[in-house]
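Trainee: File name start_5.cif; file contents mmCIF, C-alpha atoms; full text below.
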```cif
data_query
loop_
_atom_site.label_atom_id
_atom_site.label_comp_id
_atom_site.auth_asym_id
_atom_site.auth_seq_id
_atom_site.Cartn_x
_atom_site.Cartn_y
_atom_site.Cartn_z
CA LEU A 14 -15.75 -16.58 -2.44
CA LYS A 15 -13.03 -14.73 -4.35
CA ALA A 16 -10.71 -11.75 -3.82
CA VAL A 17 -9.70 -8.97 -6.21
CA ILE A 18 -6.57 -6.91 -5.49
CA LEU A 19 -6.35 -3.61 -7.40
CA ILE A 20 -2.67 -2.96 -8.16
CA GLY A 21 -3.01 0.11 -10.42
CA GLY A 22 -0.41 0.83 -13.04
CA PRO A 23 2.73 2.66 -14.08
CA GLN A 24 1.37 6.20 -14.52
CA LYS A 25 0.65 6.38 -10.82
CA GLY A 26 3.20 5.82 -8.08
CA THR A 27 4.86 9.15 -8.85
CA ARG A 28 5.15 9.86 -5.14
CA PHE A 29 6.96 6.56 -4.87
CA ARG A 30 9.79 7.53 -7.20
CA PRO A 31 12.65 6.79 -7.63
CA LEU A 32 11.81 3.36 -6.17
CA SER A 33 8.94 2.70 -8.59
CA PHE A 34 11.36 3.00 -11.53
CA GLU A 35 12.86 -0.42 -10.72
CA VAL A 36 9.90 -2.50 -9.60
CA PRO A 37 6.10 -2.17 -9.84
CA LYS A 38 5.00 -0.53 -6.59
CA PRO A 39 2.92 -3.57 -5.45
CA LEU A 40 6.12 -5.67 -5.48
CA PHE A 41 8.11 -3.21 -3.37
CA PRO A 42 9.22 -5.07 -0.22
CA VAL A 43 7.57 -3.96 3.03
CA ALA A 44 8.73 -5.81 6.16
CA GLY A 45 10.71 -8.21 4.00
CA VAL A 46 8.00 -9.36 1.57
CA PRO A 47 6.37 -7.68 -1.46
CA MET A 48 3.66 -5.20 -0.45
CA VAL A 49 0.88 -7.16 -2.13
CA GLN A 50 1.95 -10.46 -0.52
CA HIS A 51 0.48 -9.26 2.79
CA HIS A 52 -2.89 -8.96 1.00
CA ILE A 53 -2.58 -12.39 -0.61
CA GLU A 54 -1.62 -13.96 2.72
CA ALA A 55 -4.68 -12.46 4.42
CA CYS A 56 -6.99 -13.62 1.59
CA ALA A 57 -5.54 -17.14 1.59
CA LYS A 58 -6.43 -17.49 5.29
CA VAL A 59 -10.16 -16.94 4.62
CA PRO A 60 -11.84 -20.38 4.60
CA GLY A 61 -13.47 -21.24 1.28
CA LEU A 62 -11.67 -18.60 -0.80
CA LYS A 63 -11.34 -20.11 -4.29
CA GLU A 64 -9.29 -17.61 -6.29
CA ILE A 65 -7.35 -14.34 -6.05
CA LEU A 66 -7.34 -11.97 -9.03
CA LEU A 67 -4.80 -9.15 -9.35
CA MET A 68 -6.10 -6.37 -11.56
CA GLY A 69 -4.19 -3.43 -13.03
CA PHE A 70 -2.61 -2.12 -16.19
CA TYR A 71 1.05 -3.03 -15.65
CA GLN A 72 2.50 -4.88 -18.64
CA PRO A 73 2.89 -8.47 -17.42
CA ASN A 74 6.63 -8.61 -16.78
CA GLU A 75 9.04 -11.22 -15.52
CA ALA A 76 9.08 -9.95 -11.92
CA LEU A 77 5.26 -10.03 -11.69
CA SER A 78 4.97 -13.48 -13.29
CA ARG A 79 7.68 -14.92 -11.04
CA PHE A 80 5.99 -13.48 -7.97
CA LEU A 81 2.58 -14.93 -8.95
CA VAL A 82 4.02 -18.42 -9.51
CA SER A 83 5.82 -18.46 -6.15
CA ALA A 84 2.79 -17.00 -4.30
CA GLN A 85 0.51 -19.71 -5.79
CA GLN A 86 2.87 -22.41 -4.59
CA GLU A 87 3.27 -20.88 -1.15
CA PHE A 88 -0.39 -20.13 -0.41
CA LYS A 89 -2.00 -23.02 -2.34
CA VAL A 90 -4.61 -20.82 -3.99
CA PRO A 91 -5.03 -19.97 -7.70
CA ILE A 92 -3.78 -16.42 -8.43
CA ARG A 93 -4.18 -14.72 -11.82
CA TYR A 94 -3.32 -11.31 -13.20
CA LEU A 95 -5.93 -9.53 -15.33
CA GLN A 96 -4.50 -6.64 -17.33
CA GLU A 97 -6.77 -3.67 -18.07
CA TYR A 98 -6.33 -2.13 -21.52
CA ALA A 99 -6.24 1.35 -19.90
CA ALA A 100 -6.69 2.92 -16.47
CA LEU A 101 -10.37 2.21 -15.77
CA GLY A 102 -10.63 3.48 -12.19
CA THR A 103 -11.41 1.41 -9.10
CA GLY A 104 -14.88 0.42 -10.34
CA GLY A 105 -14.25 0.26 -14.08
CA GLY A 106 -11.70 -2.56 -13.79
CA ILE A 107 -13.93 -4.89 -11.81
CA TYR A 108 -16.86 -4.08 -14.12
CA HIS A 109 -14.76 -4.82 -17.21
CA PHE A 110 -13.71 -8.22 -15.79
CA ARG A 111 -17.05 -9.03 -14.13
CA ASP A 112 -17.37 -12.34 -16.04
CA GLN A 113 -13.98 -13.48 -14.74
CA ILE A 114 -14.88 -12.49 -11.17
CA LEU A 115 -18.26 -14.26 -11.30
CA SER A 116 -17.03 -17.38 -13.15
CA GLY A 117 -17.47 -20.49 -11.07
CA GLY A 118 -20.51 -18.95 -9.35
CA ALA A 119 -18.83 -16.55 -6.89
CA GLU A 120 -21.36 -15.61 -4.18
CA ALA A 121 -19.26 -12.79 -2.76
CA PHE A 122 -15.85 -11.25 -3.36
CA PHE A 123 -13.43 -8.96 -1.56
CA VAL A 124 -11.88 -5.95 -3.29
CA LEU A 125 -8.62 -4.67 -1.77
CA ASN A 126 -6.50 -1.71 -2.83
CA ALA A 127 -2.84 -2.73 -3.03
CA ASP A 128 -1.49 0.51 -1.56
CA VAL A 129 -2.83 0.03 1.98
CA CYS A 130 -1.35 -1.89 4.88
CA SER A 131 -3.73 -3.41 7.38
CA GLU A 132 -4.52 -6.35 9.62
CA PHE A 133 -7.12 -7.21 6.93
CA PRO A 134 -10.00 -8.39 9.16
CA LEU A 135 -11.61 -10.21 6.19
CA GLN A 136 -13.20 -13.04 8.19
CA GLU A 137 -14.74 -10.45 10.55
CA MET A 138 -16.18 -8.56 7.57
CA LEU A 139 -17.83 -11.76 6.33
CA GLU A 140 -19.37 -12.46 9.74
CA PHE A 141 -20.50 -8.83 9.99
CA GLN A 142 -22.20 -9.08 6.57
CA GLN A 143 -24.07 -12.20 7.67
CA GLN A 144 -25.27 -10.54 10.88
CA HIS A 145 -26.30 -7.25 9.24
CA GLY A 146 -29.15 -7.22 6.84
CA ASP A 147 -29.45 -9.47 3.85
CA MET A 148 -26.82 -11.40 1.99
CA HIS A 149 -26.93 -8.79 -0.78
CA SER A 150 -25.55 -5.96 1.30
CA PHE A 151 -22.06 -4.55 0.70
CA VAL A 152 -19.49 -3.84 3.40
CA ILE A 153 -16.79 -1.14 3.52
CA LEU A 154 -13.97 -1.49 6.03
CA GLY A 155 -13.75 1.75 8.01
CA THR A 156 -11.42 3.12 10.66
CA THR A 157 -11.27 6.27 12.78
CA ALA A 158 -9.09 9.23 11.80
CA ASN A 159 -8.69 12.58 13.55
CA ARG A 160 -10.87 15.47 12.42
CA THR A 161 -8.32 17.31 10.30
CA GLN A 162 -6.88 14.25 8.56
CA ALA A 163 -10.30 12.75 7.79
CA LEU A 164 -10.64 15.34 4.99
CA ASN A 165 -7.95 13.49 2.98
CA TYR A 166 -10.01 10.30 2.77
CA GLY A 167 -13.48 9.06 1.89
CA CYS A 168 -15.69 9.93 4.88
CA ILE A 169 -18.53 7.71 6.03
CA VAL A 170 -21.59 8.76 8.07
CA ALA A 171 -23.26 5.64 9.47
CA ASN A 172 -26.23 4.81 11.68
CA ALA A 173 -24.76 4.19 15.14
CA ASP A 174 -27.00 1.14 15.80
CA THR A 175 -27.07 -0.67 12.47
CA GLN A 176 -23.79 0.64 10.92
CA GLU A 177 -25.70 1.30 7.70
CA VAL A 178 -23.94 3.95 5.59
CA GLN A 179 -26.22 6.98 5.26
CA HIS A 180 -23.84 9.40 3.59
CA TYR A 181 -20.52 9.02 1.77
CA VAL A 182 -18.23 11.85 0.62
CA GLU A 183 -14.82 11.39 -1.00
CA LYS A 184 -12.25 13.93 0.34
CA PRO A 185 -14.78 16.52 1.55
CA SER A 186 -13.78 20.18 1.88
CA THR A 187 -15.28 20.50 5.37
CA PHE A 188 -15.56 18.02 8.25
CA VAL A 189 -18.14 15.26 7.66
CA SER A 190 -17.16 12.31 9.84
CA GLU A 191 -14.08 10.82 11.46
CA ILE A 192 -14.90 7.36 10.09
CA ILE A 193 -12.84 6.90 6.90
CA ASN A 194 -12.83 4.37 4.07
CA CYS A 195 -9.93 1.87 4.28
CA GLY A 196 -10.09 0.81 0.63
CA ILE A 197 -11.12 -2.78 1.52
CA TYR A 198 -14.61 -3.95 0.51
CA LEU A 199 -16.84 -7.02 0.53
CA PHE A 200 -19.26 -7.18 -2.41
CA THR A 201 -21.86 -9.56 -3.78
CA PRO A 202 -22.55 -9.92 -7.53
CA ALA A 203 -25.39 -7.38 -7.09
CA ILE A 204 -22.75 -4.59 -7.07
CA PHE A 205 -22.37 -4.98 -10.85
CA GLN A 206 -25.92 -3.77 -11.38
CA HIS A 207 -25.04 -0.51 -9.58
CA ILE A 208 -21.75 -0.11 -11.45
CA GLY A 209 -23.63 -0.87 -14.70
CA GLU A 210 -26.05 2.00 -14.02
CA VAL A 211 -23.09 4.38 -13.69
CA PHE A 212 -21.62 3.01 -16.93
CA GLN A 213 -24.88 3.62 -18.82
CA ARG A 214 -25.22 7.10 -17.36
CA ASN A 215 -21.65 7.88 -18.45
CA GLN A 216 -22.42 6.64 -21.94
CA GLN A 217 -25.51 8.81 -22.22
CA GLU A 218 -23.63 11.88 -21.00
CA LEU A 219 -20.83 11.26 -23.49
CA ALA A 220 -23.34 10.79 -26.32
CA LEU A 221 -24.77 14.23 -25.51
CA GLU A 222 -21.32 15.85 -25.45
CA GLU A 223 -19.98 14.68 -28.77
CA SER A 224 -17.93 17.83 -28.98
CA THR A 225 -15.51 16.53 -26.30
CA ASN A 226 -12.05 15.55 -27.42
CA GLY A 227 -12.82 11.86 -27.13
CA TRP A 228 -10.40 11.23 -24.27
CA GLN A 229 -13.16 10.56 -21.76
CA ARG A 230 -14.30 6.99 -21.50
CA ALA A 231 -17.62 5.71 -20.19
CA GLU A 232 -15.75 2.71 -18.75
CA VAL A 233 -13.76 4.83 -16.29
CA ILE A 234 -15.73 4.37 -13.07
CA ARG A 235 -14.64 5.26 -9.54
CA LEU A 236 -16.16 3.07 -6.86
CA GLU A 237 -15.90 5.79 -4.26
CA GLN A 238 -17.32 8.88 -5.97
CA ASP A 239 -19.61 7.19 -8.52
CA VAL A 240 -20.97 4.13 -6.69
CA PHE A 241 -20.75 4.58 -2.91
CA THR A 242 -22.11 8.13 -2.97
CA ALA A 243 -25.20 6.84 -4.79
CA LEU A 244 -25.57 3.70 -2.62
CA ALA A 245 -25.37 5.57 0.70
CA GLY A 246 -28.75 5.73 2.39
CA SER A 247 -30.23 2.93 0.26
CA GLY A 248 -29.97 0.27 2.99
CA LYS A 249 -27.48 -1.77 0.94
CA LEU A 250 -24.15 -0.39 2.18
CA TYR A 251 -22.68 -1.00 5.64
CA VAL A 252 -19.42 -0.08 7.35
CA TYR A 253 -17.42 -2.47 9.51
CA LYS A 254 -15.19 -0.46 11.83
CA THR A 255 -11.82 -1.92 12.75
CA ASP A 256 -9.56 -0.97 15.65
CA GLY A 257 -6.64 -2.81 14.05
CA PHE A 258 -3.76 -0.98 12.41
CA TRP A 259 -4.25 0.58 8.96
CA SER A 260 -2.27 3.00 6.82
CA GLN A 261 -1.97 4.07 3.21
CA ILE A 262 1.30 3.46 1.36
CA LYS A 263 1.40 6.41 -1.01
CA SER A 264 4.91 7.75 -0.54
CA ALA A 265 8.22 6.05 0.21
CA GLY A 266 8.11 7.51 3.75
CA SER A 267 4.86 5.70 4.44
CA ALA A 268 6.54 2.41 3.39
CA ILE A 269 8.85 2.64 6.42
CA TYR A 270 5.84 3.29 8.68
CA ALA A 271 3.94 0.37 7.10
CA SER A 272 7.01 -1.80 7.60
CA ARG A 273 6.92 -0.96 11.32
CA LEU A 274 3.23 -1.90 11.58
CA TYR A 275 3.78 -5.25 9.85
CA LEU A 276 6.95 -6.05 11.86
CA ASN A 277 4.94 -5.44 15.06
CA GLN A 278 2.31 -7.87 13.80
CA TYR A 279 4.94 -10.53 13.02
CA SER A 280 5.50 -11.18 16.73
CA LYS A 281 2.00 -12.77 16.66
CA SER A 282 1.64 -13.91 13.04
CA HIS A 283 5.18 -14.80 11.87
CA PRO A 284 7.64 -14.90 14.79
CA GLU A 285 10.02 -16.86 12.53
CA ARG A 286 10.47 -13.75 10.34
CA LEU A 287 11.87 -11.65 13.21
CA ALA A 288 15.62 -11.69 13.90
CA GLN A 289 16.75 -12.72 17.40
CA ASN A 290 19.86 -11.82 19.37
CA LYS A 291 22.27 -14.77 19.12
CA PRO A 292 25.84 -15.24 20.40
CA GLY A 293 28.22 -14.07 17.68
CA GLY A 294 25.40 -12.31 15.81
CA PRO A 295 24.59 -8.61 15.44
CA VAL A 296 22.80 -6.68 18.19
CA ILE A 297 19.04 -6.65 17.46
CA ARG A 298 16.87 -3.94 19.04
CA GLY A 299 13.11 -4.18 18.62
CA ASN A 300 11.61 -5.76 15.50
CA VAL A 301 14.03 -6.51 12.67
CA TYR A 302 13.65 -8.63 9.53
CA ILE A 303 16.87 -10.06 8.01
CA HIS A 304 16.84 -12.08 4.79
CA PRO A 305 18.64 -15.42 5.32
CA THR A 306 21.16 -14.59 2.54
CA ALA A 307 22.29 -11.29 4.11
CA SER A 308 25.75 -11.17 5.66
CA ILE A 309 25.91 -9.04 8.81
CA ASP A 310 28.93 -8.33 11.00
CA SER A 311 28.54 -9.30 14.66
CA THR A 312 29.39 -5.75 15.81
CA ALA A 313 26.52 -4.14 13.84
CA VAL A 314 23.49 -2.78 15.73
CA LEU A 315 20.13 -3.05 13.92
CA GLY A 316 16.66 -1.84 14.89
CA PRO A 317 14.07 -0.98 15.76
CA ASN A 318 12.03 -1.26 12.53
CA VAL A 319 14.70 -2.42 10.10
CA SER A 320 14.23 -4.69 7.12
CA ILE A 321 17.34 -6.12 5.43
CA GLY A 322 16.91 -7.61 1.95
CA GLU A 323 18.48 -10.44 0.01
CA GLY A 324 22.28 -10.55 -0.31
CA VAL A 325 22.85 -7.34 1.67
CA THR A 326 26.30 -6.89 3.28
CA VAL A 327 26.56 -4.97 6.57
CA GLY A 328 30.08 -4.22 7.85
CA ALA A 329 31.55 -3.78 11.33
CA GLY A 330 30.12 -1.17 13.68
CA VAL A 331 27.25 -0.24 11.37
CA ARG A 332 24.13 1.31 12.95
CA VAL A 333 20.78 0.99 11.11
CA ARG A 334 17.46 2.24 12.49
CA GLU A 335 13.95 2.80 11.01
CA SER A 336 15.15 1.85 7.52
CA ILE A 337 14.65 -0.52 4.61
CA VAL A 338 17.81 -1.86 2.96
CA LEU A 339 17.01 -3.46 -0.43
CA HIS A 340 18.70 -6.47 -1.97
CA GLY A 341 22.36 -6.38 -2.94
CA ALA A 342 23.11 -3.16 -1.03
CA SER A 343 26.39 -2.88 0.85
CA LEU A 344 26.93 -0.81 4.03
CA HIS A 345 30.66 -0.50 4.72
CA ASP A 346 32.19 -0.37 8.21
CA HIS A 347 30.87 2.20 10.71
CA THR A 348 28.18 3.69 8.49
CA CYS A 349 25.07 5.10 10.13
CA VAL A 350 21.70 4.73 8.33
CA LEU A 351 18.60 6.31 9.92
CA ASN A 352 15.08 6.81 8.43
CA THR A 353 16.30 5.84 4.98
CA ILE A 354 15.46 3.51 2.12
CA VAL A 355 18.70 2.20 0.60
CA GLY A 356 18.10 1.14 -3.02
CA TRP A 357 19.05 -2.09 -4.74
CA ASP A 358 22.81 -2.67 -5.18
CA SER A 359 23.70 0.69 -3.60
CA THR A 360 26.94 1.15 -1.66
CA ILE A 361 27.54 3.40 1.35
CA GLY A 362 31.22 4.07 2.14
CA ARG A 363 32.94 3.81 5.56
CA TRP A 364 31.98 6.29 8.26
CA ALA A 365 29.30 7.86 6.05
CA ARG A 366 26.01 8.99 7.59
CA VAL A 367 22.75 8.77 5.64
CA GLU A 368 19.77 10.18 7.50
CA GLY A 369 16.20 11.30 6.85
CA THR A 370 13.40 12.87 8.90
CA PRO A 371 10.63 10.46 9.91
CA SER A 372 7.17 11.34 8.61
CA ASP A 373 5.33 9.36 11.28
CA PRO A 374 1.83 10.15 12.53
CA ASN A 375 1.52 11.98 15.86
CA PRO A 376 2.30 9.31 18.50
CA ASN A 377 0.10 11.06 21.08
CA ASP A 378 -3.04 10.84 18.93
CA PRO A 379 -4.38 7.28 18.66
CA TYR A 380 -6.36 8.20 15.53
CA ALA A 381 -3.60 10.06 13.68
CA LYS A 382 -2.77 8.82 10.19
CA ILE A 383 0.37 9.41 8.17
CA ASP A 384 0.27 12.64 6.13
CA SER A 385 0.80 12.06 2.44
CA GLU A 386 3.09 15.05 2.11
CA THR A 387 3.94 16.65 -1.18
CA LEU A 388 7.64 16.61 -2.04
CA PHE A 389 7.91 20.40 -2.01
CA ARG A 390 6.49 23.13 0.18
CA ASP A 391 7.18 26.82 -0.53
CA GLY A 392 9.64 25.78 -3.24
CA ARG A 393 11.78 23.80 -0.79
CA LEU A 394 12.06 20.04 -0.38
CA THR A 395 9.92 18.95 2.57
CA PRO A 396 12.17 17.18 5.12
CA SER A 397 11.30 13.51 4.81
CA ILE A 398 13.04 10.18 4.72
CA THR A 399 16.17 9.89 2.59
CA ILE A 400 15.86 7.68 -0.49
CA LEU A 401 18.75 6.22 -2.46
CA GLY A 402 17.69 4.84 -5.86
CA CYS A 403 19.27 1.67 -7.22
CA SER A 404 23.06 1.44 -7.75
CA VAL A 405 23.88 4.67 -5.91
CA THR A 406 27.41 5.02 -4.54
CA ILE A 407 28.00 7.19 -1.46
CA PRO A 408 31.71 7.89 -0.75
CA ALA A 409 33.35 7.43 2.63
CA GLU A 410 32.91 10.01 5.40
CA VAL A 411 30.13 12.11 3.84
CA VAL A 412 26.73 13.07 5.24
CA ILE A 413 23.51 12.81 3.20
CA LEU A 414 20.52 14.43 4.95
CA ASN A 415 16.85 14.56 3.85
CA SER A 416 17.75 13.94 0.22
CA ILE A 417 16.50 11.88 -2.70
CA VAL A 418 19.18 10.40 -4.93
CA LEU A 419 18.13 9.14 -8.35
CA PRO A 420 19.44 5.78 -9.61
CA HIS A 421 23.00 5.15 -10.89
CA LYS A 422 24.60 8.17 -9.22
CA GLU A 423 28.10 8.33 -7.80
CA LEU A 424 28.21 11.13 -5.24
CA SER A 425 31.43 12.91 -4.40
CA ARG A 426 30.44 15.09 -1.42
CA SER A 427 27.81 15.69 1.28
CA TYR A 428 24.27 16.87 0.49
CA LYS A 429 21.38 18.23 2.51
CA ASN A 430 17.68 18.78 1.52
CA GLN A 431 18.24 18.09 -2.18
CA ILE A 432 16.98 15.95 -5.01
CA ILE A 433 20.14 14.74 -6.72
CA LEU A 434 19.40 14.20 -10.40
#
```
I'd like the structure from this file rewritten - as structure tokens, please.
Mentor:
Amino acid sequence: LKAVILIGGPQKGTRFRPLSFEVPKPLFPVAGVPMVQHHIEACAKVPGLKEILLMGFYQPNEALSRFLVSAQQEFKVPIRYLQEYAALGTGGGIYHFRDQILSGGAEAFFVLNADVCSEFPLQEMLEFQQQHGDMHSFVILGTTANRTQALNYGCIVANADTQEVQHYVEKPSTFVSEIINCGIYLFTPAIFQHIGEVFQRNQQELALEESTNGWQRAEVIRLEQDVFTALAGSGKLYVYKTDGFWSQIKSAGSAIYASRLYLNQYSKSHPERLAQNKPGGPVIRGNVYIHPTASIDSTAVLGPNVSIGEGVTVGAGVRVRESIVLHGASLHDHTCVLNTIVGWDSTIGRWARVEGTPSDPNPNDPYAKIDSETLFRDGRLTPSITILGCSVTIPAEVVILNSIVLPHKELSRSYKNQIIL
């Protein structure tokens, strides 16, 4: 048994700017640990899992290498990074590295997209595969969305009794089903035969169209559109529906929501990661993660849903709610930080207020998902969370509302609904 985590590469993550300038998106901290560590943790818990492969086209850099070494030591499982020579799509990458995935005689392997947050019911998917049909069937993790939001995802129509997938459409234009694809799969080596057929078909089509500019590649294969659509109805593809939490992490706003979901889960899975109210310590409301190296004044009030990174300084009377404060940031006395991501080494002056608008799903709809909003609507910035890039300095007594501040800026006044370049 193995696991493959698809981490993508630098040309994507545009909705995650300016945060993706400093760190590859999969290493962005959510609930105190890098986004992809939640995936690795879930995989390492599956009994008999022999190896975890990260796959993408980031240049192997120091941050990634350091993370892989520490994760191997912490989770006692071999972890390797396989770099694609170009963006090959969700299916092309695993097809390109199929020998690496199958080496050592892998009987089955998980494929997880790095930009989702979930309870990762991997063990349940394995048991489901053993109960349903033969050992050569493939399993998609599905969840329920509401009717309007389902159109933004891959929609699955399944047989109500057997859960066999009969029809699969990626981002349909009209309503198909409220069961959506979570981007977490369980495959057997037989999947490579199906991906191989797509590869050969692509090659034949390209051979016929020699007049194209040569930018298309036969190796670019999308699991969802190219493979699942063809497999649906063949008796080989099943959906395992989960009632656990799940969300995409496409934009910075969705990182704060994902952080809340993971912090809620910590009360069961990692109670030691949650801060407690102690005499002489800050006031903690709800779920809060504080890095052990952070220095926090006893009169500060933090929470709910706050994650404080390494070496952060929080002064007297500071209020932080629904926010992520990244390492080295400094919040001076009496600042107020709401629905905001404060970038690395940024400084917020005394009595300043930095606030965004939450982009949470509808709390009254149990199946609502977070909307991956575009930055602009009708030429105006859509109100969303406020993001400060790295090394941003906010002066004392100003107000920053619904704004995005690019790295290395020193502001001199208040701003509202702006991207500050």
Trainee: Mind giving me the straight-line distance from atom CA of A:Gly196 to atom CA of A:Val152 in Å, one decimal?
Mentor: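 Atom CA of A:Gly196 sits 10.8 Å away from atom CA of A:Val152.
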Trainee: Determine the nearest neighbour of A:Tyr279 from the options A:Ile53, A:Glu132, A:Glu137, A:Ile18, counting all atoms listed in the file.
Mentor: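 Selected residue with least distance to A:Tyr279: A:Glu132.
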Trainee: Check the smallest atom-to-atom distance from each of A:Asn300, A:Gln113, A:Thr161, A:Thr255 to A:His283 using all atoms listed in the file, then report the winner.
Mentor: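 Between A:Asn300, A:Gln113, A:Thr161, A:Thr255, the residue approaching A:His283 most closely is A:Asn300.
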Trainee: Give me the result of the PyMOL selection byres ((chain A and resi 334-344) around 7) on this file, residue by residue, as a ChimeraX atom specification.
Mentor: /A:269,315-328,332-333,345-346,348,350-362
Trainee: Run the PyMOL selection byres ((chain A and resi 84) around 12) mentally over the shown coordinates, then write out the matched residues as a list in words, using the chain letters and numbers from the document.
Mentor: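 The output of the PyMOL selection byres ((chain A and resi 84) around 12) on this file is Leu40, Val46, Pro47, Val49, Gln50, His51, His52, Ile53, Glu54, Cys56, Ala57, Ile65, Leu77, Ser78, Arg79, Phe80, Leu81, Val82, Ser83, Gln85, Gln86, Glu87, Phe88, Lys89, Val90, Pro91, Ile92 and Arg93 of chain A.
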Trainee: What would the file look like if the residues just selected were written as a CSV table (one decimal), in the coordinates of the input with C-alpha atoms?
Mentor:
```csv
chain,number,residue,atom,x,y,z
A,40,LEU,CA,6.1,-5.7,-5.5
A,46,VAL,CA,8.0,-9.4,1.6
A,47,PRO,CA,6.4,-7.7,-1.5
A,49,VAL,CA,0.9,-7.2,-2.1
A,50,GLN,CA,2.0,-10.5,-0.5
A,51,HIS,CA,0.5,-9.3,2.8
A,52,HIS,CA,-2.9,-9.0,1.0
A,53,ILE,CA,-2.6,-12.4,-0.6
A,54,GLU,CA,-1.6,-14.0,2.7
A,56,CYS,CA,-7.0,-13.6,1.6
A,57,ALA,CA,-5.5,-17.1,1.6
A,65,ILE,CA,-7.4,-14.3,-6.0
A,77,LEU,CA,5.3,-10.0,-11.7
A,78,SER,CA,5.0,-13.5,-13.3
A,79,ARG,CA,7.7,-14.9,-11.0
A,80,PHE,CA,6.0,-13.5,-8.0
A,81,LEU,CA,2.6,-14.9,-9.0
A,82,VAL,CA,4.0,-18.4,-9.5
A,83,SER,CA,5.8,-18.5,-6.2
A,85,GLN,CA,0.5,-19.7,-5.8
A,86,GLN,CA,2.9,-22.4,-4.6
A,87,GLU,CA,3.3,-20.9,-1.2
A,88,PHE,CA,-0.4,-20.1,-0.4
A,89,LYS,CA,-2.0,-23.0,-2.3
A,90,VAL,CA,-4.6,-20.8,-4.0
A,91,PRO,CA,-5.0,-20.0,-7.7
A,92,ILE,CA,-3.8,-16.4,-8.4
A,93,ARG,CA,-4.2,-14.7,-11.8
```
Trainee: Pull out every residue that the PyMOL selection byres ((chain A and resi 15) around 10) matches in the shown coordinates and put them as a list of chain:residue names.
Mentor: A:Leu14, A:Ala16, A:Val17, A:Cys56, A:Ala57, A:Val59, A:Gly61, A:Leu62, A:Lys63, A:Glu64, A:Ile65, A:Leu66, A:Ile114, A:Leu115, A:Gly117, A:Gly118, A:Ala119, A:Glu120, A:Ala121, A:Phe122, A:Phe123, A:Val124, A:Leu199, A:Phe200
Trainee: To one decimal place in Å, what is the distance between atom CA of A:Val233 and atom CA of A:Gly102?
Mentor: 5.3 Å
Trainee: Atom CA of A:Ile262 and atom CA of A:Ile153, how far apart in Å?
Mentor: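 Taking atom CA of A:Ile153 as the start and atom CA of A:Ile262 as the end point, the length is 18.8 Å.
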Trainee: Pick from A:His109, A:Tyr181, A:Leu419, A:Val129: nearest to A:Ala231, with only C-alpha atoms counted?
Mentor: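 Of A:His109, A:Tyr181, A:Leu419, A:Val129, the one nearest A:Ala231, counting only C-alpha atoms, is A:His109.
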Trainee: Hey, what's within 8 Å of stretch 371-373 of chain A if we count only C-alpha atoms and toss same-chain stuff fewer than 3 positions away? As a ChimeraX atom specification, please?
Mentor: /A:266-267,270,352,376,383-384,397-398
Trainee: Kindly indicate which residue among A:Lys254, A:Arg30, A:Lys281, A:Lys249 lies nearest to A:Ile193, using all atoms listed in the file for the distances.
Mentor: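 That would be A:Lys254, the residue with the smallest distance to A:Ile193.
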Trainee: Could you work out an axis-aligned box for stretch 342-361 of chain A, taking every atom the file lists and adding 6 Å on each side, and report centre and edge lengths in Å to one decimal, as JSON?
Mentor:
```
{"center_x": 23.6, "center_y": 1.8, "center_z": 2.8, "size_x": 29.1, "size_y": 22.0, "size_z": 27.9}
```
Trainee: Could you tell me which of A:Leu394, A:Ile234, A:Met138, A:His347 comes closest to A:Thr370 if we count only C-alpha atoms?
Mentor: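 Between A:Leu394, A:Ile234, A:Met138, A:His347, the residue approaching A:Thr370 most closely is A:Leu394.
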Trainee: Tell me which of A:Gly105, A:Pro284, A:Pro379, A:Gly69 sits closest to A:Asp256, counting only C-alpha atoms.
Mentor: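 Result for the nearest residue to A:Asp256: A:Pro379.
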Trainee: Report as a PyMOL selection string all protein, DNA and RNA residues lying within 8 Å of A:Phe212, evaluated on only C-alpha atoms, omitting residues in the same chain fewer than 3 positions from it.
Mentor: chain A and resi 208-209+215-216+231-232+234
Trainee: Taking 3 positions as the minimum chain separation for residues in the same chain, which residues sit within 9 Å of A:Leu434 when counting only C-alpha atoms? Answer as an MDAnalysis selection string.
Mentor: chainID A and resid 417:420 422
Trainee: Neighbours of A:Val36 within 10 Å (all atoms listed in the file; same-chain residues fewer than 6 positions away dropped), as a PyMOL selection string?
Mentor: chain A and resi 23+42+74+76-77
